>>> print(open('work19.csv').read())   # CSV, C-alpha atoms
chain,number,residue,atom,x,y,z
A,27,MET,CA,-46.8,-37.4,-135.8
A,28,VAL,CA,-43.8,-37.3,-138.1
A,29,GLU,CA,-44.1,-34.6,-140.7
A,30,TRP,CA,-42.2,-35.2,-144.0
A,31,THR,CA,-41.5,-32.6,-146.7
A,32,ASP,CA,-42.1,-33.6,-150.3
A,33,SER,CA,-38.4,-33.5,-150.9
A,34,GLU,CA,-37.7,-35.9,-148.0
A,35,ARG,CA,-40.4,-38.3,-149.2
A,36,ALA,CA,-38.9,-38.3,-152.8
A,37,ILE,CA,-35.4,-38.9,-151.6
A,38,ILE,CA,-36.3,-41.6,-149.2
A,39,ASN,CA,-38.4,-43.4,-151.7
A,40,SER,CA,-35.6,-43.1,-154.3
A,41,ILE,CA,-33.1,-44.5,-151.9
A,42,PHE,CA,-35.2,-47.5,-151.0
A,43,SER,CA,-36.2,-48.2,-154.6
A,44,ASN,CA,-32.5,-48.7,-155.5
A,45,LEU,CA,-31.4,-50.8,-152.5
A,46,ASP,CA,-30.5,-54.5,-152.6
A,47,TYR,CA,-32.5,-55.4,-149.5
A,48,GLU,CA,-30.8,-58.8,-149.1
A,49,GLU,CA,-27.3,-57.4,-149.2
A,50,ILE,CA,-28.0,-54.2,-147.1
A,51,GLY,CA,-30.2,-56.1,-144.6
A,52,ARG,CA,-27.7,-58.8,-144.1
A,53,LYS,CA,-24.7,-56.5,-143.8
A,54,SER,CA,-26.6,-54.1,-141.4
A,55,LEU,CA,-27.7,-56.8,-139.0
A,56,CYS,CA,-24.3,-58.5,-139.1
A,57,ARG,CA,-22.5,-55.3,-138.5
A,58,CYS,CA,-24.8,-54.6,-135.5
A,59,LEU,CA,-24.2,-58.0,-133.9
A,60,ILE,CA,-20.4,-57.8,-134.5
A,61,VAL,CA,-19.9,-54.1,-133.4
A,62,TYR,CA,-22.3,-54.3,-130.5
A,63,PRO,CA,-22.0,-57.9,-129.3
A,64,TRP,CA,-24.5,-57.4,-126.4
A,65,THR,CA,-27.2,-57.3,-129.1
A,66,GLN,CA,-26.6,-60.9,-129.8
A,67,ARG,CA,-28.6,-61.9,-126.7
A,68,TYR,CA,-31.8,-61.6,-128.7
A,69,PHE,CA,-30.6,-64.1,-131.3
A,70,GLY,CA,-29.9,-67.2,-129.2
A,71,GLY,CA,-32.0,-69.4,-131.4
A,72,PHE,CA,-30.0,-68.4,-134.5
A,73,GLY,CA,-27.2,-70.8,-133.9
A,74,ASN,CA,-23.5,-70.1,-133.5
A,75,LEU,CA,-22.7,-66.4,-133.2
A,76,TYR,CA,-19.2,-67.0,-131.6
A,77,ASN,CA,-17.3,-64.7,-133.9
A,78,ALA,CA,-17.6,-62.3,-136.8
A,79,GLU,CA,-17.1,-65.1,-139.4
A,80,THR,CA,-19.9,-67.2,-138.0
A,81,ILE,CA,-22.2,-64.2,-137.9
A,82,LEU,CA,-21.4,-63.2,-141.5
A,83,CYS,CA,-22.0,-66.8,-142.7
A,84,ASN,CA,-25.2,-67.4,-140.7
A,85,PRO,CA,-28.2,-67.8,-143.1
A,86,LEU,CA,-30.7,-67.1,-140.3
A,87,ILE,CA,-29.0,-63.7,-139.5
A,88,ALA,CA,-29.0,-62.9,-143.3
A,89,ALA,CA,-32.7,-63.7,-143.6
A,90,HIS,CA,-33.6,-61.7,-140.5
A,91,GLY,CA,-31.6,-58.7,-141.7
A,92,THR,CA,-33.5,-58.8,-145.0
A,93,LYS,CA,-36.8,-59.1,-143.1
A,94,ILE,CA,-35.9,-56.1,-141.0
A,95,LEU,CA,-35.1,-54.0,-144.0
A,96,HIS,CA,-38.3,-55.1,-145.8
A,97,GLY,CA,-40.1,-54.1,-142.6
A,98,LEU,CA,-39.2,-50.5,-143.4
A,99,ASP,CA,-41.4,-50.8,-146.5
A,100,ARG,CA,-44.3,-50.5,-144.2
A,101,ALA,CA,-43.1,-47.1,-143.1
A,102,LEU,CA,-42.6,-46.0,-146.7
A,103,LYS,CA,-46.2,-46.9,-147.5
A,104,ASN,CA,-47.5,-45.2,-144.3
A,105,MET,CA,-45.2,-42.3,-143.8
A,106,ASP,CA,-48.0,-40.2,-142.3
A,107,ASP,CA,-48.9,-42.8,-139.6
A,108,ILE,CA,-45.7,-44.6,-138.7
A,109,LYS,CA,-46.5,-44.9,-135.0
A,110,ASN,CA,-49.7,-46.8,-135.6
A,111,THR,CA,-48.1,-48.8,-138.5
A,112,TYR,CA,-45.5,-50.2,-136.1
A,113,ALA,CA,-47.7,-50.5,-132.9
A,114,GLU,CA,-48.1,-54.3,-133.1
A,115,LEU,CA,-44.5,-54.9,-134.0
A,116,SER,CA,-43.4,-52.6,-131.2
A,117,LEU,CA,-45.5,-54.5,-128.6
A,118,LEU,CA,-43.9,-57.8,-129.9
A,119,HIS,CA,-40.4,-56.4,-129.4
A,120,SER,CA,-41.1,-54.8,-126.0
A,121,ASP,CA,-43.5,-57.2,-124.3
A,122,LYS,CA,-42.6,-60.6,-125.7
A,123,LEU,CA,-38.9,-60.2,-126.8
A,124,HIS,CA,-37.9,-57.5,-124.3
A,125,VAL,CA,-35.6,-55.8,-126.7
A,126,ASP,CA,-33.7,-52.8,-125.4
A,127,PRO,CA,-35.1,-49.8,-127.4
A,128,ASP,CA,-31.5,-48.4,-127.8
A,129,ASN,CA,-30.8,-51.4,-130.0
A,130,PHE,CA,-33.0,-49.9,-132.7
A,131,ARG,CA,-30.8,-46.9,-132.8
A,132,LEU,CA,-27.7,-49.0,-133.0
A,133,LEU,CA,-29.2,-51.0,-135.9
A,134,ALA,CA,-30.2,-47.8,-137.6
A,135,HIS,CA,-26.6,-46.5,-137.5
A,136,CYS,CA,-25.4,-49.8,-138.9
A,137,MET,CA,-27.9,-49.5,-141.7
A,138,LEU,CA,-26.7,-45.9,-142.5
A,139,VAL,CA,-23.1,-47.1,-142.7
A,140,CYS,CA,-24.1,-50.0,-145.0
A,141,MET,CA,-26.3,-47.8,-147.1
A,142,SER,CA,-23.7,-45.2,-147.5
A,143,MET,CA,-21.3,-47.8,-148.9
A,144,TRP,CA,-23.9,-49.0,-151.4
A,145,PRO,CA,-22.8,-47.9,-155.0
A,146,SER,CA,-26.2,-46.6,-156.1
A,147,THR,CA,-26.4,-44.1,-153.3
A,148,ASN,CA,-23.3,-42.3,-154.5
A,149,SER,CA,-25.4,-40.5,-157.2
A,150,TRP,CA,-27.6,-38.8,-154.6
A,151,PRO,CA,-25.7,-35.7,-153.3
A,152,SER,CA,-28.3,-34.8,-150.6
A,153,TRP,CA,-29.1,-38.2,-149.1
A,154,PRO,CA,-26.4,-38.5,-146.5
A,155,TRP,CA,-27.6,-35.4,-144.7
A,156,LEU,CA,-31.3,-36.2,-145.1
A,157,LEU,CA,-31.3,-39.9,-144.2
A,158,PRO,CA,-29.9,-39.7,-140.6
A,159,ARG,CA,-32.6,-37.0,-139.9
A,160,SER,CA,-35.3,-39.1,-141.4
A,161,THR,CA,-34.1,-42.4,-139.9
A,162,VAL,CA,-34.0,-40.7,-136.5
A,163,LYS,CA,-37.6,-39.5,-137.1
A,164,GLU,CA,-38.7,-43.0,-138.0
A,165,LEU,CA,-36.9,-44.8,-135.2
A,166,SER,CA,-37.9,-42.2,-132.6
A,167,VAL,CA,-41.5,-43.0,-133.4
A,168,THR,CA,-40.7,-46.7,-133.1
A,169,ARG,CA,-38.9,-46.1,-129.8
A,170,ILE,CA,-41.7,-44.0,-128.4
A,171,ASN,CA,-44.1,-46.9,-129.3
A,172,HIS,CA,-41.8,-49.3,-127.7
A,173,GLU,CA,-41.4,-47.3,-124.5
A,174,ASP,CA,-45.1,-46.5,-124.3
A,175,SER,CA,-46.0,-50.2,-124.5
A,176,ARG,CA,-43.7,-50.9,-121.5
A,177,HIS,CA,-45.7,-48.4,-119.4
A,178,HIS,CA,-49.1,-49.9,-120.1
>>> encode(input="work19.csv", output="structure tokens")
Amino acid sequence: MVEWTDSERAIINSIFSNLDYEEIGRKSLCRCLIVYPWTQRYFGGFGNLYNAETILCNPLIAAHGTKILHGLDRALKNMDDIKNTYAELSLLHSDKLHVDPDNFRLLAHCMLVCMSMWPSTNSWPSWPWLLPRSTVKELSVTRINHEDSRHH
């Protein structure tokens, strides 16, 4: 179980309450697909992903990036039970879609980059040091779920 301090909870909730989900979600997924092109294999049905420009202009990629970021809202509402919160989604990504668990870490890093460039985060002096730790906590639970589901 992931344990959060009151300070971590407050900072994380503050960060997410000020994000533009559409912008950060789109930019994060686009960055992941461009910087780590092998992750594109999971998006074959999303149309032309031939180069950075086509990825950046793809409305399906933008919508899915927003959906991913909104998916983190479930973690915010269930911070004491993230593993069970994402159990079904983890099974989908491991058993049906066969997503490499390392791709979640890559996407998380892309989210951190995009969030760090978001103007409203500049007023939070402690968030850059907290967020990587907390994101790693969240994603490690997701990855454990993902890997556990492959063994059952």
>>> residues_around(input="work19.csv", residues="Pro85 in chain A", least_positions_apart="5", cutoff="10 Å", atoms="only C-alpha atoms", output="PyMOL selection string")
chain A and resi 52+72-73+80+90-91
>>> write_last_selection(input="work19.csv", atoms="C-alpha atoms", output="tab-separated table (two decimals), in the frame of the given file")
chain	number	residue	atom	x	y	z
A	52	ARG	CA	-27.70	-58.80	-144.10
A	72	PHE	CA	-30.00	-68.40	-134.50
A	73	GLY	CA	-27.20	-70.80	-133.90
A	80	THR	CA	-19.90	-67.20	-138.00
A	90	HIS	CA	-33.60	-61.70	-140.50
A	91	GLY	CA	-31.60	-58.70	-141.70
>>> residues_around(input="work19.csv", residues="Leu132 in chain A", least_positions_apart="5", cutoff="10 Å", atoms="only C-alpha atoms", output="ChimeraX atom specification")
/A:54-55,57-59,61-62,65,127,137
>>> closest_residue(input="work19.csv", among="A:His135, A:Arg35, A:Lys93, A:His119", to="Glu48 in chain A", atoms="all atoms listed in the file")
A:Lys93
>>> atom_distance(input="work19.csv", atom1="CA of Asp32 in chain A", atom2="CA of Lys103 in chain A")
14.2 Å
>>> atom_distance(input="work19.csv", atom1="CA of Ile50 in chain A", atom2="CA of Val139 in chain A")
9.7 Å
>>> atom_distance(input="work19.csv", atom1="CA of Ala89 in chain A", atom2="CA of Cys56 in chain A")
10.9 Å
>>> closest_residue(input="work19.csv", among="A:Leu98, A:Met143, A:Ile81, A:Leu86", to="Tyr112 in chain A", atoms="all atoms listed in the file")
A:Leu98
>>> closest_residue(input="work19.csv", among="A:Phe130, A:Tyr47, A:Trp30, A:Tyr68", to="Ala88 in chain A", atoms="all atoms listed in the file")
A:Tyr47
>>> closest_residue(input="work19.csv", among="A:Gly70, A:Glu29, A:His124, A:Trp144", to="Asp107 in chain A", atoms="all atoms listed in the file")
A:Glu29
>>> residues_around(input="work19.csv", residues="Ser43 in chain A", least_positions_apart="3", cutoff="12 Å", atoms="only C-alpha atoms", output="ChimeraX atom specification")
/A:36-40,46-47,96,98-99,102,146-147
